[in-house]
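Student: My questions all concern the structure below.
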Protein chains: 4
Amino acid sequence: MNIGIVGATGYGGADLIRILQNHPEVDSLQLYSSSQPGEPIRDSFPHLQRLPEAGLQEIDPVSMGKSLEVVFMATPAGISSELTPELLAEGLRVIDLSGDFRIKDSKIYETWYGKKPAPPEWVAKAVYGLTEWTKEEIRDAQLLANPGCYPTATLLGLLPLAQRSLLKQNSIIIDAKTGVSGAGRGFSTATHFSETNENFKVYKVNRHQHTPEIEQELSRWNQQVEPVTFSPHLVPMTRGIMATIYAEVTESTMEEELRKTFQDSYRNAPFVTVREAGNFPETKQVYGSNQCDIGISYDERTGRITIVSVIDNLMKGAAGQAVQNFNVMFGFDETTGLGLLPVYP
Amino acid sequence: MNIGIVGATGYGGADLIRILQNHPEVDSLQLYSSSQPGEPIRDSFPHLQRLPEAGLQEIDPVSMGKSLEVVFMATPAGISSELTPELLAEGLRVIDLSGDFRIKDSKIYETWYGKKPAPPEWVAKAVYGLTEWTKEEIRDAQLLANPGCYPTATLLGLLPLAQRSLLKQNSIIIDAKTGVSGAGRGFSTATHFSETNENFKVYKVNRHQHTPEIEQELSRWNQQVEPVTFSPHLVPMTRGIMATIYAEVTESTMEEELRKTFQDSYRNAPFVTVREAGNFPETKQVYGSNQCDIGISYDERTGRITIVSVIDNLMKGAAGQAVQNFNVMFGFDETTGLGLLPVYP
Amino acid sequence: MNIGIVGATGYGGADLIRILQNHPEVDSLQLYSSSQPGEPIRDSFPHLQRLPEAGLQEIDPVSMGKSLEVVFMATPAGISSELTPELLAEGLRVIDLSGDFRIKDSKIYETWYGKKPAPPEWVAKAVYGLTEWTKEEIRDAQLLANPGCYPTATLLGLLPLAQRSLLKQNSIIIDAKTGVSGAGRGFSTATHFSETNENFKVYKVNRHQHTPEIEQELSRWNQQVEPVTFSPHLVPMTRGIMATIYAEVTESTMEEELRKTFQDSYRNAPFVTVREAGNFPETKQVYGSNQCDIGISYDERTGRITIVSVIDNLMKGAAGQAVQNFNVMFGFDETTGLGLLPVYP
Amino acid sequence: MNIGIVGATGYGGADLIRILQNHPEVDSLQLYSSSQPGEPIRDSFPHLQRLPEAGLQEIDPVSMGKSLEVVFMATPAGISSELTPELLAEGLRVIDLSGDFRIKDSKIYETWYGKKPAPPEWVAKAVYGLTEWTKEEIRDAQLLANPGCYPTATLLGLLPLAQRSLLKQNSIIIDAKTGVSGAGRGFSTATHFSETNENFKVYKVNRHQHTPEIEQELSRWNQQVEPVTFSPHLVPMTRGIMATIYAEVTESTMEEELRKTFQDSYRNAPFVTVREAGNFPETKQVYGSNQCDIGISYDERTGRITIVSVIDNLMKGAAGQAVQNFNVMFGFDETTGLGLLPVYP
């Protein structure tokens with residue numbers, strides 16, 4: 001297969017290259033960049049010194065439509081909404097890593113993103129690619145909206161309970177923590193080493209744009225559970241997300257029943273692991289891999305469940321899940337090219 | 001004044017030395033250690049190359065009773081419970097940084113600490129030294145139980161609302177994050193660099209020993225608010241604690257009223273700062289200082305308040321607050337020796 | 001092929017598992033541990049939740065000799081010297097990651113390691129596996145002494161010049177920096193997070209055991225160049241080694257000629273890249289991969305050359321090079337299973 | 001005394017504020033900024049929430065000349081060269097933390113800095129403030145050129161030997177490592193968290209602008225020792241510099257004699273400590289303090305000495321030494337306001 005990556009000089013692009021370069025079904029990998037066309041990728045990413053097909057090309061939907069079968073859009077929000085429809089018009093299938101086609105309600109998109117929404121006809125057609133939960137729709141998607149990093153960790157931790165109506169209304173609190181790579185390659189005080197190292201901070205309290213994405217997808221499985229409280233924090237590390245999720249359950253229960261519910265949900269999911277009692281995952285334990293590991297605790301003192309869900313934000317939270325969706329869309333085994341074990345330590 | 005520090009070779013001891021060495025009311029600072037008596041402190045702490053009074057002495061309550069007026073106990077839980085009563089019997093005043101005299105109910109202590117409780121008569125006399133809230137009792141304390149690091153950050157963030165009965169029953173969730181120095185100088189996988197760097201983990205979910213301390217002190221001001229959910233996390237950094245606290249308030253309200261409540265509570269508190277609307281503190285902004293900074297947000301969508309409270313775990317969470325209590329106990333200005341600004345960046 | 005890893009619960013073991021689990025020529029991977037036989041590997045390494053063949057087995061040379069073809073020894077110095085001869089006696093080929101069979105002169109071994117040397121007949125037979133430089137000998141090795149992490153980075157940076165007698169006598173200074181994982185999984189102050197984070201330190205000044213290994217191999221190509229000054233430093237990061245090497249060259253020269261010498265040496269080396277003028281590699285640019293990247297500068301003011309060589313200490317500095325040697329020993333393409341691109345960022 | 005800080009919103013400014021706010025001889029501290037005049041300092045530095053005199057003022061030499069006695073210039077190179085002469089013309093004494101007045105030869109300044117040199121008459125009058133070595137000149141300086149961070153660590157490690165002509169010609173190699181705060185608050189790839197965390201890099205190989213500063217000051221004490229090789233590296237930490245210095249000594253010697261030479265040089269230096277045999281300083285052991293700690297090793301195998309010198313780059317390498325020089329210039333005890341012990345851990 002001939003594959004294109006738009007936005008190859010960003011961090012999502014880097015991990016797409018890392019995976020797809022060794023993907024057995026990929027014949028040719030073309031890299032595109034609006035900012036540095038004509039330059040070798042190793043100028044942007046010196047770790048790719050030896051990449052064979054490494055020249056950055058100008059983005060031209062017509063010629064891309066002729067030479068490619070699928071395009072990964074690894075561009076920031078607000079750019080994909082304009083470019084993706086042009087690629088789709090050329091008959092390409094598109095896997096979009098931005099948030100531009102995830103939110104079905106355009107008003108909600110505008111409120112939380114502060115940007116002009118994508119064309120509504122394409123937003124309507126876009127399939128939300130939380131692979132473990134929407135696999136059937138993904139197979140036929142022309143436009144795949146790859147989930148956000150926080151929503152991926154959060155929804156994988158909540159949907160087993162939401163689906164079975166085990167969550168109390170307005171009881172969900174998501175205290176999420178991310179590595180700094182989630183902020184991308186753009187410069188800001190939040191990504192300035194001396195301001196972030198040996199520091200822990202919260203940001204966008206009650207106004208992060210992933211909140212409506214979480215609520216929209218939760219309500220697909222249980223309309224009663226929104227709204228949620230969502231607090232993202234920045235950890236002085238590069239990769240990894242942990243979502244610590246608190247919720248009240250609808251009936252008195254036992255931890256082992258809840259654990260069984262999770263295990264049932266993910267019995268056939270090759271990338272999701274439910275930890276045993278008393279065992280909670282750490283972000284480094286999925287570093288560089290497409291895994292999502294989940295630990296749970298039920299506290300009888302408070303009647304509250306605590307769910308801990310970890311992913312690598314650039315893998316299961318971005319590039320890894322994008323390739324997982326690509327595999328499903330083209331009929332390959334879900335794990336193709338994604339057998340990378342975590343890099344530990 | 002003649003002052004002793006027991007446990008001078010631990011991290012709490014190091015910060016006590018850093019503060020007290022420049023404290024204008026301290027004439028003589030004696031260091032004690034059960035593990036390395038006779039050695040110079042610079043063998044344990046090479047950063048103290050030039051400390052004048054630096055020989056570690058053997059712990060001898062009788063001779064300490066003769067030469068000292070007050071002793072700071074910077075020892076682990078389980079050791080202070082035995083040694084402190086001997087020092088008190090010699091007429092010394094003791095400021096205990098361990099958890100041994102904080103929990104009034106000995107059964108609760110045993111349940112959560114898994115250790116033999118301290119003598120009940122001394123536990124009963126011990127004054128809990130959350131300086132901003134118990135100053136009157138502190139003045140006359142012979143035995144001061146210095147609060148734990150997590151409880152300090154949490155209680156300073158909750159008591160303004162608890163005192164005014166503004167919190168709903170069983171609605172409090174504390175998602176806390178600490179730097180690794182909180183685990184002390186003992187070796188463990190959790191403090192092993194390669195396992196902790198570039199990693200974020202949760203630990204002791206629903207069973208951390210600071211939970212009952214938080215509940216005990218909350219219930220002093222409002223008996224309705226316990227139990228609480230408390231989840232401690234380990235951040236790949238050395239110093240700093242953030243408590244992100246979620247609660248429901250008893251009546252519909254506005255954020256600015258809540259902020260005013262906090263400002264009223266801390267109007268005369270030299271170390272507690274309430275941030276303006278939209279402004280949340282970061283742990284590095286109090287690094288090395290005795291400050292506690294608090295930010296709040298009220299979310300109308302969920303009816304929930306989010307309180308963010310940060311301290312340096314070794315300062316306001318241990319040594320700094322201990323010296324603040326020392327100042328109150330001996331009638332000095334509360335800020336004496338504690339004017340150190342945060343080290344930034 | 002049936003392969004064994006002894007010392008599977010250490011960091012070298014973890015990276016051997018990461019590589020060999022996806023190696024197309026490996027049929028079966030058996031894990032051995034003296035400390036936790038019988039336990040699943042996920043108890044030691046929770047990131048390996050789903051590893052199929054994951055039970056740790058007791059080390060039994062006889063049964064290993066029957067079921068395996070080759071064993072990777074990822075044990076500390078002093079253990080391999082005893083166990084490896086037993087495995088060799090069973091007809092196994094052994095790739096030893098420890099330092100026990102690298103030093104040909106047993107007196108030198110004793111002086112620098114402070115341990116009893118391995119049996120001299122096996123030391124004599126051991127092939128030093130710096131793959132790019134000793135490939136012919138490696139093919140037939142029964143016992144492969146895998147190079148140390150520092151010597152690998154250093155020798156790859158020096159041998160192109162040593163081989164051509166371009167280095168002045170007693171002019172070589174190696175200022176090396178390593179991530180903390182090089183110290184392994186054992187607890188010590190040097191690996192204690194709070195003592196190492198936000199800290200930079202030098203250790204074993206003029207007495208590190210890798211010094212004679214560097215000198216021995218240098219003198220194979222040029223007997224005039226030893227002794228060397230070697231200073232290892234500890235960087236607050238987990239993975240990566242940089243060797244900054246200073247030397248005087250024997251004749252006045254130009255940087256581009258020196259660069260061409262390096263490029264000639266590594267023209268057919270798939271893992272070694274010589275950077276262009278003004279371009280120096282960073283450790284993160286080889287993170288998780290088997291690459292070695294080299295940058296050089298010649299300073300006309302001082303007549304001195306500066307060579308900067310970086311590797312991932314656990315990959316090209318240990319497990320990666322071990323698999324590279326395994327490939328050569330068994331006639332596979334040198335890069336088999338080692339196509340992993342660096343994890344960046 | 002009435003004191004001004006120009007460039008108060010940078011990292012040098014932050015540490016000047018931290019020190020001077022508690023300096024007993026400072027009556028009033030005025031902050032100046034060209035970029036944010038009129039704003040409170042807490043908008044730039046939220047850790048300074050409670051600073052009393054905190055409004056940033058516009059830079060106006062005339063009014064500054066009337067209200068102040070001395071100004072600390074904590075501005076980047078190229079700005080001080082223009083502004084400082086205006087302040088001097090108003091009769092102010094100036095302590096300049098930039099490199100603009102350090103290099104006596106204007107051609108060398110232009111070559112290495114790539115900027116227009118400062119007025120030569122002021123460059124000629126400027127006193128180089130390496131306090132331990134130029135104290136007599138400092139007392140009467142109107143313009144004090146505060147040394148660079150790297151030269152401070154390096155020169156304190158070399159001058160005891162240079163002064164006594166113990167160093168061989170063209171034998172000095174300085175392998176220096178700095179925390180990221182040395183790059184200041186400006187955004188760049190080198191200061192971007194995800195590119196610098198878990199990474200170690202070298203930069204400006206053989207062309208760093210501190211090279212001629214080191215050579216100029218070395219040649220004051222011994223004209224034979226230049227040129228030097230100087231390689232700066234970036235460590236993934238915020239504060240701290242280590243200079244690992246290699247040199248050949250002119251006569252065969254013993255380590256203890258060399259150590260005695262160092263001890264003699266610094267017998268009366270309150271901030272410089274020479275470590276005992278086998279003991280080498282770590283950067284964290286001087287964190288936040290004005291100390292410089294030095295360890296030495298003489299290797300009989302190579303005839304080479306290794307000197308390890310550590311400072312906090314923002315303290316002894318900038319703000320701390322600036323205040324030390326201020327104390328000398330105004331006749332206060334050299335240590336006034338600088339009794340801050342290192343923050344450890």
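Following the order of the structure tokens, chains are lettered A, B, ..., residues in each are numbered from 1, and ligands are numbered from 1.
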Report as a ChimeraX atom specification the set of chain C residues whose atoms approach chain D to within 8 Å, with distances computed over only C-alpha atoms.
Tutor: /C:170,175,194-195,197-203,205-206,227-229,235-240,242,280-284,297,299,301-302,304,345
Student: Can you spit out the residues from that selection as a compact mmCIF listing (two decimals), in the first residue's frame, using N, CA and C atoms?
Tutor:
```txt
# COMPACT_ATOMS: atom_id res chain seq x y z
N ASN C 170 49.33 9.01 24.18
CA ASN C 170 48.88 9.61 25.46
C ASN C 170 48.16 10.94 25.26
N ASP C 175 35.59 11.87 28.01
CA ASP C 175 34.67 12.39 29.01
C ASP C 175 33.30 11.81 28.67
N SER C 194 15.75 11.00 44.40
CA SER C 194 15.91 12.36 44.93
C SER C 194 17.37 12.81 45.00
N GLU C 195 18.29 11.87 44.92
CA GLU C 195 19.72 12.22 44.95
C GLU C 195 20.28 12.39 43.53
N ASN C 197 18.03 12.98 40.47
CA ASN C 197 17.25 13.92 39.67
C ASN C 197 17.77 15.33 39.90
N GLU C 198 17.75 16.14 38.85
CA GLU C 198 18.22 17.54 38.95
C GLU C 198 19.62 17.58 39.57
N ASN C 199 20.45 16.62 39.16
CA ASN C 199 21.81 16.52 39.67
C ASN C 199 22.70 15.99 38.55
N PHE C 200 23.95 16.36 38.58
CA PHE C 200 24.93 15.84 37.62
C PHE C 200 26.18 15.53 38.41
N LYS C 201 26.69 14.30 38.24
CA LYS C 201 27.83 13.92 39.06
C LYS C 201 28.84 13.11 38.26
N VAL C 202 30.06 13.12 38.74
CA VAL C 202 31.12 12.31 38.18
C VAL C 202 31.36 11.15 39.15
N TYR C 203 31.85 10.04 38.66
CA TYR C 203 32.11 8.92 39.59
C TYR C 203 33.30 8.11 39.10
N VAL C 205 36.42 8.42 39.17
CA VAL C 205 37.39 9.19 38.40
C VAL C 205 38.71 8.43 38.32
N ASN C 206 39.16 8.16 37.13
CA ASN C 206 40.42 7.45 36.88
C ASN C 206 40.46 6.03 37.42
N PRO C 227 48.14 5.01 27.60
CA PRO C 227 46.92 4.94 28.37
C PRO C 227 45.95 6.08 28.02
N VAL C 228 44.71 5.91 28.44
CA VAL C 228 43.71 6.95 28.22
C VAL C 228 43.21 7.47 29.56
N THR C 229 42.73 8.69 29.51
CA THR C 229 42.00 9.24 30.66
C THR C 229 40.52 9.02 30.41
N VAL C 235 24.12 11.22 34.28
CA VAL C 235 23.16 12.23 33.82
C VAL C 235 21.77 11.90 34.38
N PRO C 236 21.01 12.90 34.81
CA PRO C 236 19.67 12.60 35.32
C PRO C 236 18.70 12.23 34.20
N MET C 237 18.93 11.11 33.60
CA MET C 237 18.04 10.55 32.59
C MET C 237 18.20 9.03 32.66
N THR C 238 17.33 8.30 32.02
CA THR C 238 17.35 6.85 32.17
C THR C 238 18.29 6.18 31.18
N ARG C 239 18.17 6.53 29.91
CA ARG C 239 18.92 5.85 28.86
C ARG C 239 19.83 6.82 28.12
N GLY C 240 20.90 6.27 27.56
CA GLY C 240 21.75 7.08 26.68
C GLY C 240 23.16 7.22 27.21
N MET C 242 26.74 9.42 26.01
CA MET C 242 27.56 10.21 25.10
C MET C 242 29.00 10.10 25.56
N PHE C 280 26.04 17.49 15.43
CA PHE C 280 26.45 16.55 16.48
C PHE C 280 25.24 15.80 17.01
N PRO C 281 25.41 14.52 17.28
CA PRO C 281 24.26 13.73 17.72
C PRO C 281 23.93 13.97 19.18
N GLU C 282 22.67 13.74 19.51
CA GLU C 282 22.17 13.82 20.88
C GLU C 282 21.73 12.42 21.30
N THR C 283 21.80 12.14 22.59
CA THR C 283 21.50 10.77 23.02
C THR C 283 20.07 10.35 22.68
N LYS C 284 19.14 11.30 22.76
CA LYS C 284 17.74 10.95 22.51
C LYS C 284 17.51 10.56 21.06
N SER C 297 34.70 17.31 15.18
CA SER C 297 35.14 18.69 14.97
C SER C 297 36.66 18.74 15.13
N ASP C 299 39.69 21.43 15.66
CA ASP C 299 39.89 22.83 16.04
C ASP C 299 41.31 23.26 15.69
N ARG C 301 42.75 26.01 16.29
CA ARG C 301 43.38 26.78 17.36
C ARG C 301 44.21 25.87 18.28
N THR C 302 43.71 24.68 18.54
CA THR C 302 44.39 23.80 19.50
C THR C 302 45.02 22.58 18.84
N ARG C 304 43.42 20.01 18.05
CA ARG C 304 42.80 18.87 18.72
C ARG C 304 41.49 18.49 18.02
N PRO C 345 9.71 11.92 20.34
CA PRO C 345 10.53 12.35 21.48
C PRO C 345 10.28 11.41 22.65
```
Student: Looking only at strand (DSSP E or B) from DSSP on the backbone, list the matching residues of segment 95-139 of chain B as a list of chain:residue names.
Tutor: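 Selecting the strand (DSSP E or B) positions of segment 95-139 of chain B gives B:Ile95, B:Asp96, B:Val127, B:Tyr128.
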Student: Extract, using only C-alpha atoms, all DNA, RNA and protein residues at most 8 Å from Ile103 of chain A, discarding same-chain residues fewer than 5 positions from it, and format them as a PyMOL selection string.
Tutor: chain A and resi 108-109+123+212-213+216
Student: Could you please take those selected residues and save N, CA, C and O atoms as a compact mmCIF listing (two decimals), in the first residue's frame?
Tutor:
```txt
# COMPACT_ATOMS: atom_id res chain seq x y z
N ILE A 108 -21.00 23.03 19.74
CA ILE A 108 -20.11 22.60 20.83
C ILE A 108 -18.66 22.70 20.38
O ILE A 108 -17.80 23.17 21.14
N TYR A 109 -18.39 22.32 19.14
CA TYR A 109 -17.01 22.47 18.63
C TYR A 109 -16.56 23.91 18.74
O TYR A 109 -15.47 24.21 19.25
N VAL A 123 -18.30 15.98 8.85
CA VAL A 123 -18.36 15.67 10.29
C VAL A 123 -19.38 14.56 10.52
O VAL A 123 -19.14 13.62 11.30
N PRO A 212 -16.00 17.86 25.90
CA PRO A 212 -17.20 17.48 25.14
C PRO A 212 -17.00 16.18 24.35
O PRO A 212 -17.97 15.48 24.08
N GLU A 213 -15.76 15.88 23.96
CA GLU A 213 -15.53 14.62 23.26
C GLU A 213 -15.82 13.43 24.18
O GLU A 213 -16.45 12.45 23.78
N GLN A 216 -19.67 13.31 24.71
CA GLN A 216 -20.39 12.84 23.52
C GLN A 216 -20.32 11.31 23.41
O GLN A 216 -21.33 10.64 23.18
```
Student: List the spatial neighbours of Leu167 of chain A as a PyMOL selection string - criterion: any atom at most 8 Å away, only C-alpha atoms, same-chain residues fewer than 2 positions off excluded.
Tutor: chain A and resi 161-162+165+169+171+225+247-250
Student: Any idea what the distance is between atom CA of Ala190 of chain B and atom CA of Arg42 of chain C?
Tutor: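 Taking atom CA of Ala190 of chain B and atom CA of Arg42 of chain C, their separation equals 16.6 Å.
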Student: Can you tell me how far atom CA of Glu86 of chain B sits from atom CA of Gly184 of chain B, in Å to one decimal?
Tutor: 24.7 Å
Student: Using the chain letters and numbers from this document, which residues of segment 28-183 of chain C does DSSP assign to alpha helix (DSSP H), as a PyMOL selection string?
Tutor: chain C and resi 41-44+61-67+80-89+106-113+120-125+131-139+149-163
